[in-house]
>>> print(open('target-v9.txt').read())   # compact mmCIF, C-alpha atoms
# COMPACT_ATOMS: atom_id res chain seq x y z
CA MET G 98 16.34 12.26 -90.97
CA THR G 99 18.52 12.51 -87.86
CA THR G 100 15.47 13.53 -85.83
CA ASP G 101 13.62 10.49 -87.18
CA LEU G 102 16.41 8.20 -86.04
CA ILE G 103 16.45 9.83 -82.62
CA ALA G 104 12.68 9.42 -82.37
CA ALA G 105 12.92 5.73 -83.31
CA ALA G 106 15.74 5.16 -80.79
CA LEU G 107 13.72 6.88 -78.08
CA GLY G 108 10.71 4.74 -79.01
CA LEU G 109 12.78 1.59 -78.63
CA LEU G 110 14.07 2.80 -75.28
CA ALA G 111 10.58 3.81 -74.13
CA GLY G 112 9.22 0.36 -74.96
CA MET G 113 12.06 -1.30 -73.03
CA LEU G 114 11.61 0.92 -69.99
CA SER G 115 7.87 0.43 -69.91
CA ALA G 116 8.27 -3.37 -70.03
CA LEU G 117 11.09 -3.36 -67.46
CA PHE G 118 9.31 -1.19 -64.92
CA GLY G 119 5.72 -2.11 -65.61
CA VAL G 120 4.73 1.47 -66.34
CA GLY G 121 2.57 2.32 -69.31
CA GLY G 122 4.28 3.42 -72.48
CA GLY G 123 2.32 6.67 -72.42
CA LEU G 124 4.05 7.87 -69.30
CA ILE G 125 7.31 7.80 -71.25
CA PHE G 126 5.93 8.63 -74.72
CA VAL G 127 4.45 11.97 -73.66
CA PRO G 128 7.71 13.51 -72.31
CA THR G 129 9.62 11.97 -75.23
CA LEU G 130 7.32 13.72 -77.71
CA ILE G 131 7.55 16.99 -75.79
CA PHE G 132 11.37 16.79 -75.85
CA LEU G 133 11.12 16.16 -79.60
CA GLY G 134 9.46 19.57 -79.82
CA LYS G 135 5.77 18.66 -79.85
CA ASP G 136 3.07 20.64 -78.04
CA ALA G 137 1.66 18.97 -74.93
CA HIS G 138 -1.69 18.52 -76.70
CA VAL G 139 -0.07 16.82 -79.68
CA ALA G 140 2.11 14.73 -77.34
CA VAL G 141 -0.92 13.46 -75.41
CA ALA G 142 -2.82 12.57 -78.60
CA THR G 143 0.18 11.02 -80.35
CA SER G 144 1.11 9.01 -77.26
CA LEU G 145 -2.31 7.35 -77.32
CA ALA G 146 -1.88 6.40 -80.98
CA ALA G 147 1.72 5.22 -80.44
CA MET G 148 0.77 2.93 -77.58
CA VAL G 149 -1.76 0.96 -79.65
CA PRO G 150 0.77 -1.40 -81.33
CA VAL G 151 2.61 -1.88 -78.01
CA ILE G 152 -0.59 -2.77 -76.19
CA LEU G 153 -1.71 -5.04 -79.02
CA MET G 154 1.47 -7.07 -78.74
CA GLY G 155 1.40 -7.10 -74.93
CA ALA G 156 -2.26 -8.10 -74.74
CA TRP G 157 -1.73 -10.85 -77.32
CA ARG G 158 1.23 -12.28 -75.39
CA GLN G 159 -0.57 -12.11 -72.07
CA THR G 160 -3.63 -13.79 -73.59
CA ARG G 161 -1.42 -16.66 -74.73
CA TYR G 162 -0.13 -17.02 -71.16
CA GLY G 163 -3.76 -17.10 -70.05
CA ALA G 164 -3.30 -14.13 -67.73
CA VAL G 165 -6.03 -11.91 -69.23
CA ARG G 166 -9.56 -12.04 -67.81
CA TRP G 167 -11.17 -10.83 -71.02
CA ARG G 168 -14.72 -10.40 -69.74
CA ASP G 169 -13.54 -7.98 -67.06
CA ALA G 170 -11.16 -6.29 -69.49
CA VAL G 171 -13.99 -5.63 -71.94
CA VAL G 172 -16.18 -4.10 -69.21
CA VAL G 173 -13.36 -1.85 -67.91
CA GLY G 174 -12.27 -0.97 -71.43
CA LEU G 175 -15.71 -0.05 -72.75
CA ALA G 176 -16.51 1.97 -69.61
CA SER G 177 -13.34 3.99 -70.17
CA VAL G 178 -14.32 5.12 -73.68
CA PRO G 179 -16.79 7.92 -72.81
CA THR G 180 -14.67 9.35 -69.98
CA ALA G 181 -11.58 9.28 -72.20
CA LYS G 182 -13.55 11.69 -74.40
CA VAL G 183 -14.24 13.86 -71.33
CA GLY G 184 -10.52 13.80 -70.54
CA GLU G 185 -9.77 14.91 -74.07
CA VAL G 186 -12.20 17.82 -73.80
CA ILE G 187 -10.59 18.87 -70.51
CA ALA G 188 -7.10 18.56 -72.02
CA ASN G 189 -8.10 20.69 -75.01
CA SER G 190 -9.56 23.35 -72.72
CA LEU G 191 -6.20 23.74 -70.95
CA SER G 192 -3.35 25.85 -72.27
CA ASN G 193 -0.34 23.98 -73.55
CA ARG G 194 1.72 25.07 -70.55
CA THR G 195 -0.92 24.04 -68.00
CA LEU G 196 -1.36 20.62 -69.61
CA GLN G 197 2.40 20.08 -69.59
CA ARG G 198 2.58 21.05 -65.90
CA ALA G 199 -0.36 18.81 -65.01
CA PHE G 200 1.41 15.93 -66.72
CA ALA G 201 4.60 16.76 -64.81
CA VAL G 202 2.66 16.47 -61.53
CA LEU G 203 1.33 13.06 -62.59
CA LEU G 204 4.82 11.90 -63.54
CA LEU G 205 6.26 13.09 -60.23
CA ALA G 206 3.49 11.30 -58.33
CA VAL G 207 4.28 8.06 -60.16
CA ALA G 208 8.01 8.50 -59.43
CA VAL G 209 7.36 9.06 -55.72
CA GLN G 210 4.99 6.08 -55.56
CA MET G 211 7.58 3.85 -57.28
CA ALA G 212 10.32 4.98 -54.92
CA VAL G 213 8.17 4.50 -51.82
CA ARG G 214 7.20 0.99 -52.89
CA ALA G 215 10.81 0.06 -53.67
CA LEU G 216 12.01 1.39 -50.31
CA ARG G 217 9.24 -0.40 -48.43
CA GLU G 218 10.33 -3.69 -49.94
CA GLU G 219 13.92 -3.19 -48.77
CA PRO G 220 13.71 -4.23 -45.08
CA ALA G 221 12.00 -7.52 -45.94
CA ALA G 222 14.60 -8.38 -48.59
CA GLU G 223 17.46 -7.51 -46.20
CA GLY G 224 15.90 -9.55 -43.45
CA GLU G 225 15.79 -12.53 -45.75
CA ALA G 226 19.42 -12.00 -46.75
CA ARG G 227 20.46 -11.87 -43.10
CA ALA G 228 18.46 -14.97 -42.26
CA GLU G 229 20.27 -16.76 -45.07
CA THR G 230 23.74 -15.71 -43.89
CA GLY G 231 22.75 -16.66 -40.35
CA GLU G 232 21.85 -20.12 -41.53
CA ALA G 233 25.08 -20.44 -43.48
CA ALA G 234 27.11 -19.44 -40.38
CA MET R 36 -26.34 -8.75 -63.62
CA ASP R 37 -23.11 -9.81 -62.02
CA SER R 38 -22.38 -7.83 -58.86
CA ARG R 39 -18.80 -7.14 -59.84
CA VAL R 40 -19.81 -5.29 -63.01
CA PRO R 41 -20.49 -1.90 -61.32
CA VAL R 42 -17.02 -1.96 -59.75
CA LEU R 43 -15.41 -2.74 -63.11
CA VAL R 44 -17.43 0.01 -64.78
CA ALA R 45 -16.30 2.48 -62.10
CA ILE R 46 -12.67 1.47 -62.63
CA GLY R 47 -13.07 2.01 -66.37
CA LEU R 48 -14.71 5.41 -65.95
CA VAL R 49 -11.89 6.74 -63.75
CA ALA R 50 -9.14 5.26 -65.93
CA GLY R 51 -10.67 6.67 -69.12
CA LEU R 52 -10.64 10.21 -67.77
CA PHE R 53 -6.96 9.88 -66.93
CA SER R 54 -6.18 8.40 -70.28
CA GLY R 55 -7.87 11.07 -72.38
CA LEU R 56 -6.44 13.88 -70.28
CA PHE R 57 -2.83 12.74 -69.95
CA GLY R 58 -2.23 10.47 -72.94
CA VAL R 59 -1.44 7.50 -70.73
CA GLY R 60 -3.13 4.11 -70.84
CA GLY R 61 -4.63 4.27 -67.38
CA GLY R 62 -2.89 1.14 -66.13
CA ILE R 63 -1.41 3.11 -63.22
CA LEU R 64 -4.99 3.26 -61.93
CA ILE R 65 -6.50 0.05 -63.31
CA VAL R 66 -3.82 -2.30 -61.92
CA PRO R 67 -4.00 -1.17 -58.26
CA MET R 68 -7.81 -0.94 -58.40
CA LEU R 69 -8.21 -4.48 -59.78
CA ILE R 70 -5.96 -5.70 -56.97
CA ALA R 71 -7.68 -3.67 -54.24
CA PHE R 72 -11.33 -4.02 -55.27
CA ARG R 73 -11.45 -7.28 -57.19
CA GLY R 74 -8.75 -9.27 -55.41
CA TYR R 75 -6.70 -9.79 -58.57
CA PRO R 76 -3.19 -11.25 -58.31
CA PRO R 77 -0.70 -8.58 -59.58
CA LYS R 78 0.24 -10.40 -62.79
CA THR R 79 -3.37 -11.03 -63.77
CA ALA R 80 -4.18 -7.39 -62.95
CA MET R 81 -1.41 -6.15 -65.25
CA ALA R 82 -2.43 -8.45 -68.08
CA THR R 83 -6.14 -7.65 -67.80
CA SER R 84 -5.37 -3.93 -67.54
CA LEU R 85 -3.38 -4.17 -70.77
CA ALA R 86 -6.36 -5.76 -72.54
CA ALA R 87 -8.74 -3.11 -71.17
CA ILE R 88 -6.45 -0.27 -72.26
CA LEU R 89 -6.61 -1.55 -75.81
CA PHE R 90 -10.18 -0.24 -75.98
CA THR R 91 -9.25 3.02 -74.23
CA ALA R 92 -6.24 3.79 -76.39
CA VAL R 93 -7.91 3.00 -79.71
CA ALA R 94 -11.01 5.06 -78.87
CA ALA R 95 -9.04 7.96 -77.34
CA ALA R 96 -6.50 8.03 -80.17
CA ALA R 97 -9.31 8.06 -82.76
CA SER R 98 -11.05 10.86 -80.91
CA HIS R 99 -7.86 12.95 -80.54
CA ALA R 100 -7.12 12.28 -84.21
CA GLY R 101 -10.53 13.71 -85.06
CA ALA R 102 -9.42 16.91 -83.33
CA GLY R 103 -6.33 16.88 -85.57
CA ASN R 104 -3.84 16.47 -82.72
CA VAL R 105 -2.14 13.19 -83.63
CA ALA R 106 1.31 13.53 -85.22
CA TRP R 107 1.11 10.25 -87.15
CA LYS R 108 4.70 10.14 -88.33
CA GLU R 109 6.15 10.62 -84.85
CA GLY R 110 3.55 8.24 -83.45
CA ALA R 111 4.73 5.49 -85.80
CA LEU R 112 8.41 6.36 -85.28
CA ILE R 113 8.00 5.92 -81.54
CA GLY R 114 5.25 3.31 -81.30
CA LEU R 115 6.63 0.71 -83.72
CA PRO R 116 10.20 0.54 -82.30
CA ALA R 117 8.57 0.52 -78.85
CA VAL R 118 7.03 -2.86 -79.71
CA ALA R 119 10.54 -4.28 -80.21
CA GLY R 120 11.71 -2.47 -77.07
CA ALA R 121 8.91 -3.98 -75.00
CA TYR R 122 9.90 -7.41 -76.29
CA ILE R 123 13.51 -6.87 -75.21
CA GLY R 124 12.40 -5.40 -71.89
CA ALA R 125 10.16 -8.36 -71.14
CA ALA R 126 13.01 -10.76 -72.00
CA VAL R 127 15.58 -9.18 -69.64
CA HIS R 128 13.11 -8.42 -66.84
CA GLN R 129 14.21 -11.28 -64.60
CA ARG R 130 17.85 -10.23 -64.71
CA VAL R 131 17.38 -6.74 -63.28
CA ASP R 132 18.34 -6.14 -59.63
CA SER R 133 15.01 -4.50 -59.17
CA ARG R 134 15.14 -2.33 -56.05
CA ARG R 135 18.18 -0.22 -56.90
CA VAL R 136 17.19 0.07 -60.56
CA VAL R 137 13.62 1.00 -59.69
CA LEU R 138 14.90 3.78 -57.43
CA LEU R 139 17.19 5.00 -60.20
CA PHE R 140 14.33 4.99 -62.67
CA ALA R 141 12.05 6.80 -60.20
CA ALA R 142 14.75 9.48 -59.80
CA PHE R 143 14.99 9.77 -63.58
CA LEU R 144 11.20 10.21 -63.90
CA ALA R 145 11.29 12.87 -61.17
CA ILE R 146 14.00 14.79 -63.06
CA VAL R 147 11.96 14.59 -66.26
CA ALA R 148 8.90 15.83 -64.35
CA VAL R 149 10.79 18.83 -62.99
CA ARG R 150 12.17 19.67 -66.43
CA LEU R 151 8.65 19.55 -67.88
CA ALA R 152 7.25 21.76 -65.13
CA VAL R 153 9.74 24.61 -65.29
>>> encode(input="target-v9.txt", output="structure tokens")
Amino acid sequence: MTTDLIAAALGLLAGMLSALFGVGGGLIFVPTLIFLGKDAHVAVATSLAAMVPVILMGAWRQTRYGAVRWRDAVVVGLASVPTAKVGEVIANSLSNRTLQRAFAVLLLAVAVQMAVRALREEPAAEGEARAETGEAA
Amino acid sequence: MDSRVPVLVAIGLVAGLFSGLFGVGGGILIVPMLIAFRGYPPKTAMATSLAAILFTAVAAAASHAGAGNVAWKEGALIGLPAVAGAYIGAAVHQRVDSRRVVLLFAAFLAIVAVRLAV
């Protein structure tokens, strides 16, 4: 029961973080499931199932805003189906430990990429701030 | 056939592999590729990626479920509250001082990655 509540709280948090930072829910679901004691293989599979309702809601909202180019989305989405199966076969051929480490590398790469992008944006934002103070003075 | 179709197919093929292997949607690849190769504005890229991933996630989840790897209870316990979380996250998005928070979040992800690896 307590574990269920923790899982639900982590799910809520994961959904918030993914919306706030524009990262996919899966990137957060997989480590969450591993920390809840699941095998990496189960975490990967369960993450895909858990993201379906989140994506459904997101895609529905974005469609209402008119931001989705559905024709392109269908082509990309259908093309991804067979290779997702290949990915699954590869994942299942790896040991639990190797899969978990491979995921860790992916997560680290995303973290570095996020940090680099945030730092690159800094000088421009500061320049603007200075320009504004200069104008005020 | 439209000349942009092969590019879109290629994007889908790469993203699908990532998705099935790592249990992620593939948006980390689809979004930058739609921007780089199809000239999408970032917001349209994110929205279209989300719609594309719907196909990926449903197919990949069904396939993984066939292999008996989906923990349905935990999936529901995490996925359903995440819908509410995403709603809240989308609502407060504008109020976040992004740069500092993004760096903090990146550091958090890096710590999680290290903990997973060792």
>>> closest_atom_pairs(input="target-v9.txt", of="chain R", to="chain G", cutoff="6 Å", atoms="all atoms listed in the file", output="JSON lines")
{"residue": "R:Leu43", "atom": "CA", "partner": "G:Val173", "partner_atom": "CA", "distance": 5.3}
{"residue": "R:Val44", "atom": "CA", "partner": "G:Ala176", "partner_atom": "CA", "distance": 5.3}
{"residue": "R:Gly47", "atom": "CA", "partner": "G:Val173", "partner_atom": "CA", "distance": 4.2}
{"residue": "R:Leu48", "atom": "CA", "partner": "G:Ser177", "partner_atom": "CA", "distance": 4.7}
{"residue": "R:Gly51", "atom": "CA", "partner": "G:Ser177", "partner_atom": "CA", "distance": 3.9}
{"residue": "R:Leu52", "atom": "CA", "partner": "G:Gly184", "partner_atom": "CA", "distance": 4.5}
{"residue": "R:Ser54", "atom": "CA", "partner": "G:Ala181", "partner_atom": "CA", "distance": 5.8}
{"residue": "R:Gly55", "atom": "CA", "partner": "G:Ala181", "partner_atom": "CA", "distance": 4.1}
{"residue": "R:Leu56", "atom": "CA", "partner": "G:Gly184", "partner_atom": "CA", "distance": 4.1}
{"residue": "R:Phe57", "atom": "CA", "partner": "G:Val141", "partner_atom": "CA", "distance": 5.8}
{"residue": "R:Gly58", "atom": "CA", "partner": "G:Val141", "partner_atom": "CA", "distance": 4.1}
{"residue": "R:Val59", "atom": "CA", "partner": "G:Gly123", "partner_atom": "CA", "distance": 4.2}
{"residue": "R:Thr79", "atom": "CA", "partner": "G:Ala164", "partner_atom": "CA", "distance": 5.0}
{"residue": "R:Ala82", "atom": "CA", "partner": "G:Val165", "partner_atom": "CA", "distance": 5.1}
{"residue": "R:Thr83", "atom": "CA", "partner": "G:Val165", "partner_atom": "CA", "distance": 4.5}
{"residue": "R:Leu85", "atom": "CA", "partner": "G:Ala156", "partner_atom": "CA", "distance": 5.7}
{"residue": "R:Ala86", "atom": "CA", "partner": "G:Ala156", "partner_atom": "CA", "distance": 5.2}
{"residue": "R:Ala87", "atom": "CA", "partner": "G:Gly174", "partner_atom": "CA", "distance": 4.1}
{"residue": "R:Ile88", "atom": "CA", "partner": "G:Gly174", "partner_atom": "CA", "distance": 5.9}
{"residue": "R:Phe90", "atom": "CA", "partner": "G:Gly174", "partner_atom": "CA", "distance": 5.1}
{"residue": "R:Thr91", "atom": "CA", "partner": "G:Val178", "partner_atom": "CA", "distance": 5.5}
{"residue": "R:Ala92", "atom": "CA", "partner": "G:Leu145", "partner_atom": "CA", "distance": 5.4}
{"residue": "R:Ala95", "atom": "CA", "partner": "G:Ala181", "partner_atom": "CA", "distance": 5.9}
{"residue": "R:Ala96", "atom": "CA", "partner": "G:Ala146", "partner_atom": "CA", "distance": 5.0}
{"residue": "R:His99", "atom": "CA", "partner": "G:Ala142", "partner_atom": "CA", "distance": 5.4}
{"residue": "R:Asn104", "atom": "CA", "partner": "G:Val139", "partner_atom": "CA", "distance": 4.9}
{"residue": "R:Val105", "atom": "CA", "partner": "G:Thr143", "partner_atom": "CA", "distance": 4.6}
{"residue": "R:Ala106", "atom": "CA", "partner": "G:Thr143", "partner_atom": "CA", "distance": 5.6}
{"residue": "R:Gly110", "atom": "CA", "partner": "G:Ala147", "partner_atom": "CA", "distance": 4.6}
{"residue": "R:Leu112", "atom": "CA", "partner": "G:Ala105", "partner_atom": "CA", "distance": 5.0}
{"residue": "R:Ile113", "atom": "CA", "partner": "G:Gly108", "partner_atom": "CA", "distance": 3.9}
{"residue": "R:Gly114", "atom": "CA", "partner": "G:Ala147", "partner_atom": "CA", "distance": 4.1}
{"residue": "R:Pro116", "atom": "CA", "partner": "G:Leu109", "partner_atom": "CA", "distance": 4.6}
{"residue": "R:Ala117", "atom": "CA", "partner": "G:Gly112", "partner_atom": "CA", "distance": 3.9}
{"residue": "R:Val118", "atom": "CA", "partner": "G:Val151", "partner_atom": "CA", "distance": 4.8}
{"residue": "R:Gly120", "atom": "CA", "partner": "G:Met113", "partner_atom": "CA", "distance": 4.2}
{"residue": "R:Ala121", "atom": "CA", "partner": "G:Gly112", "partner_atom": "CA", "distance": 4.4}
{"residue": "R:Gly124", "atom": "CA", "partner": "G:Met113", "partner_atom": "CA", "distance": 4.3}
{"residue": "R:Ala125", "atom": "CA", "partner": "G:Ala116", "partner_atom": "CA", "distance": 5.5}
{"residue": "R:His128", "atom": "CA", "partner": "G:Leu117", "partner_atom": "CA", "distance": 5.5}
{"residue": "R:Arg134", "atom": "CA", "partner": "G:Ala215", "partner_atom": "CA", "distance": 5.5}
{"residue": "R:Leu138", "atom": "CA", "partner": "G:Ala212", "partner_atom": "CA", "distance": 5.4}
{"residue": "R:Ala141", "atom": "CA", "partner": "G:Ala208", "partner_atom": "CA", "distance": 4.5}
{"residue": "R:Leu144", "atom": "CA", "partner": "G:Ala208", "partner_atom": "CA", "distance": 5.8}
{"residue": "R:Ala145", "atom": "CA", "partner": "G:Leu205", "partner_atom": "CA", "distance": 5.1}
{"residue": "R:Ala148", "atom": "CA", "partner": "G:Ala201", "partner_atom": "CA", "distance": 4.4}
{"residue": "R:Leu151", "atom": "CA", "partner": "G:Ala201", "partner_atom": "CA", "distance": 5.8}
{"residue": "R:Ala152", "atom": "CA", "partner": "G:Arg198", "partner_atom": "CA", "distance": 4.8}
>>> atom_distance(input="target-v9.txt", atom1="CA of Ile123 (chain R)", atom2="CA of Gly134 (chain G)")
27.1 Å
>>> atom_distance(input="target-v9.txt", atom1="CA of Arg73 (chain R)", atom2="CA of Phe140 (chain R)")
29.1 Å
>>> atom_distance(input="target-v9.txt", atom1="CA of Ser190 (chain G)", atom2="CA of Ala50 (chain R)")
19.3 Å
>>> residues_near_point(input="target-v9.txt", point="(-17.3, -8.2, -58.6)", cutoff="10 Å", atoms="only C-alpha atoms", output="tab-separated table (two decimals) with C-alpha atoms, in the coordinates of the input")
chain	number	residue	atom	x	y	z
G	169	ASP	CA	-13.54	-7.98	-67.06
R	37	ASP	CA	-23.11	-9.81	-62.02
R	38	SER	CA	-22.38	-7.83	-58.86
R	39	ARG	CA	-18.80	-7.14	-59.84
R	40	VAL	CA	-19.81	-5.29	-63.01
R	41	PRO	CA	-20.49	-1.90	-61.32
R	42	VAL	CA	-17.02	-1.96	-59.75
R	43	LEU	CA	-15.41	-2.74	-63.11
R	69	LEU	CA	-8.21	-4.48	-59.78
R	72	PHE	CA	-11.33	-4.02	-55.27
R	73	ARG	CA	-11.45	-7.28	-57.19
R	74	GLY	CA	-8.75	-9.27	-55.41
>>> decode(input="target-v9.txt", residues="region 159-229 of chain G", atoms="C-alpha atoms", output="PDB file, in the first residue's frame")
ATOM      1  CA  GLN G 159      -1.623  19.961 -28.917  1.00  0.00           C
ATOM      2  CA  THR G 160      -4.069  18.980 -31.661  1.00  0.00           C
ATOM      3  CA  ARG G 161      -6.588  21.425 -30.214  1.00  0.00           C
ATOM      4  CA  TYR G 162      -3.936  24.163 -30.355  1.00  0.00           C
ATOM      5  CA  GLY G 163      -3.385  23.187 -33.980  1.00  0.00           C
ATOM      6  CA  ALA G 164       0.305  22.489 -33.405  1.00  0.00           C
ATOM      7  CA  VAL G 165       0.321  18.875 -34.648  1.00  0.00           C
ATOM      8  CA  ARG G 166       1.100  18.139 -38.304  1.00  0.00           C
ATOM      9  CA  TRP G 167      -0.763  14.845 -38.300  1.00  0.00           C
ATOM     10  CA  ARG G 168       0.252  13.613 -41.751  1.00  0.00           C
ATOM     11  CA  ASP G 169       3.931  13.841 -40.832  1.00  0.00           C
ATOM     12  CA  ALA G 170       3.261  12.402 -37.379  1.00  0.00           C
ATOM     13  CA  VAL G 171       1.555   9.344 -38.886  1.00  0.00           C
ATOM     14  CA  VAL G 172       4.482   8.717 -41.264  1.00  0.00           C
ATOM     15  CA  VAL G 173       7.094   9.060 -38.477  1.00  0.00           C
ATOM     16  CA  GLY G 174       4.975   7.046 -36.063  1.00  0.00           C
ATOM     17  CA  LEU G 175       4.272   4.140 -38.411  1.00  0.00           C
ATOM     18  CA  ALA G 176       7.922   4.002 -39.524  1.00  0.00           C
ATOM     19  CA  SER G 177       8.974   3.679 -35.882  1.00  0.00           C
ATOM     20  CA  VAL G 178       6.870   0.562 -35.250  1.00  0.00           C
ATOM     21  CA  PRO G 179       9.113  -2.100 -36.863  1.00  0.00           C
ATOM     22  CA  THR G 180      12.359  -0.657 -35.459  1.00  0.00           C
ATOM     23  CA  ALA G 181      10.807  -0.407 -31.998  1.00  0.00           C
ATOM     24  CA  LYS G 182      10.448  -4.191 -32.271  1.00  0.00           C
ATOM     25  CA  VAL G 183      14.137  -4.429 -33.226  1.00  0.00           C
ATOM     26  CA  GLY G 184      14.983  -2.293 -30.192  1.00  0.00           C
ATOM     27  CA  GLU G 185      12.972  -4.630 -28.010  1.00  0.00           C
ATOM     28  CA  VAL G 186      14.828  -7.664 -29.357  1.00  0.00           C
ATOM     29  CA  ILE G 187      18.157  -5.945 -28.673  1.00  0.00           C
ATOM     30  CA  ALA G 188      17.036  -4.961 -25.161  1.00  0.00           C
ATOM     31  CA  ASN G 189      15.964  -8.530 -24.401  1.00  0.00           C
ATOM     32  CA  SER G 190      19.299  -9.875 -25.634  1.00  0.00           C
ATOM     33  CA  LEU G 191      21.161  -7.708 -23.104  1.00  0.00           C
ATOM     34  CA  SER G 192      21.642  -8.638 -19.470  1.00  0.00           C
ATOM     35  CA  ASN G 193      19.696  -6.629 -16.946  1.00  0.00           C
ATOM     36  CA  ARG G 194      22.857  -4.889 -15.767  1.00  0.00           C
ATOM     37  CA  THR G 195      24.016  -3.980 -19.280  1.00  0.00           C
ATOM     38  CA  LEU G 196      20.608  -2.579 -20.211  1.00  0.00           C
ATOM     39  CA  GLN G 197      20.554  -0.492 -17.030  1.00  0.00           C
ATOM     40  CA  ARG G 198      24.040   0.856 -17.791  1.00  0.00           C
ATOM     41  CA  ALA G 199      23.139   1.615 -21.405  1.00  0.00           C
ATOM     42  CA  PHE G 200      20.132   3.567 -20.159  1.00  0.00           C
ATOM     43  CA  ALA G 201      22.368   5.422 -17.695  1.00  0.00           C
ATOM     44  CA  VAL G 202      24.607   6.503 -20.589  1.00  0.00           C
ATOM     45  CA  LEU G 203      21.564   7.789 -22.491  1.00  0.00           C
ATOM     46  CA  LEU G 204      20.349   9.689 -19.430  1.00  0.00           C
ATOM     47  CA  LEU G 205      23.769  11.239 -18.865  1.00  0.00           C
ATOM     48  CA  ALA G 206      23.940  12.291 -22.530  1.00  0.00           C
ATOM     49  CA  VAL G 207      20.554  13.994 -22.229  1.00  0.00           C
ATOM     50  CA  ALA G 208      21.661  15.738 -19.010  1.00  0.00           C
ATOM     51  CA  VAL G 209      24.854  17.031 -20.637  1.00  0.00           C
ATOM     52  CA  GLN G 210      22.960  18.184 -23.731  1.00  0.00           C
ATOM     53  CA  MET G 211      20.411  20.031 -21.557  1.00  0.00           C
ATOM     54  CA  ALA G 212      23.148  21.709 -19.543  1.00  0.00           C
ATOM     55  CA  VAL G 213      25.115  22.741 -22.631  1.00  0.00           C
ATOM     56  CA  ARG G 214      22.030  24.250 -24.236  1.00  0.00           C
ATOM     57  CA  ALA G 215      21.101  26.122 -21.056  1.00  0.00           C
ATOM     58  CA  LEU G 216      24.630  27.501 -20.687  1.00  0.00           C
ATOM     59  CA  ARG G 217      24.788  28.538 -24.325  1.00  0.00           C
ATOM     60  CA  GLU G 218      21.637  30.585 -23.888  1.00  0.00           C
ATOM     61  CA  GLU G 219      23.113  32.460 -20.916  1.00  0.00           C
ATOM     62  CA  PRO G 220      25.326  35.079 -22.650  1.00  0.00           C
ATOM     63  CA  ALA G 221      22.492  36.220 -24.914  1.00  0.00           C
ATOM     64  CA  ALA G 222      20.077  36.588 -21.991  1.00  0.00           C
ATOM     65  CA  GLU G 223      22.681  38.518 -19.961  1.00  0.00           C
ATOM     66  CA  GLY G 224      23.447  40.752 -22.898  1.00  0.00           C
ATOM     67  CA  GLU G 225      19.789  41.615 -23.171  1.00  0.00           C
ATOM     68  CA  ALA G 226      19.593  42.332 -19.439  1.00  0.00           C
ATOM     69  CA  ARG G 227      22.596  44.646 -19.679  1.00  0.00           C
ATOM     70  CA  ALA G 228      21.178  46.423 -22.701  1.00  0.00           C
ATOM     71  CA  GLU G 229      18.009  47.021 -20.727  1.00  0.00           C
TER      72      GLU G 229
END
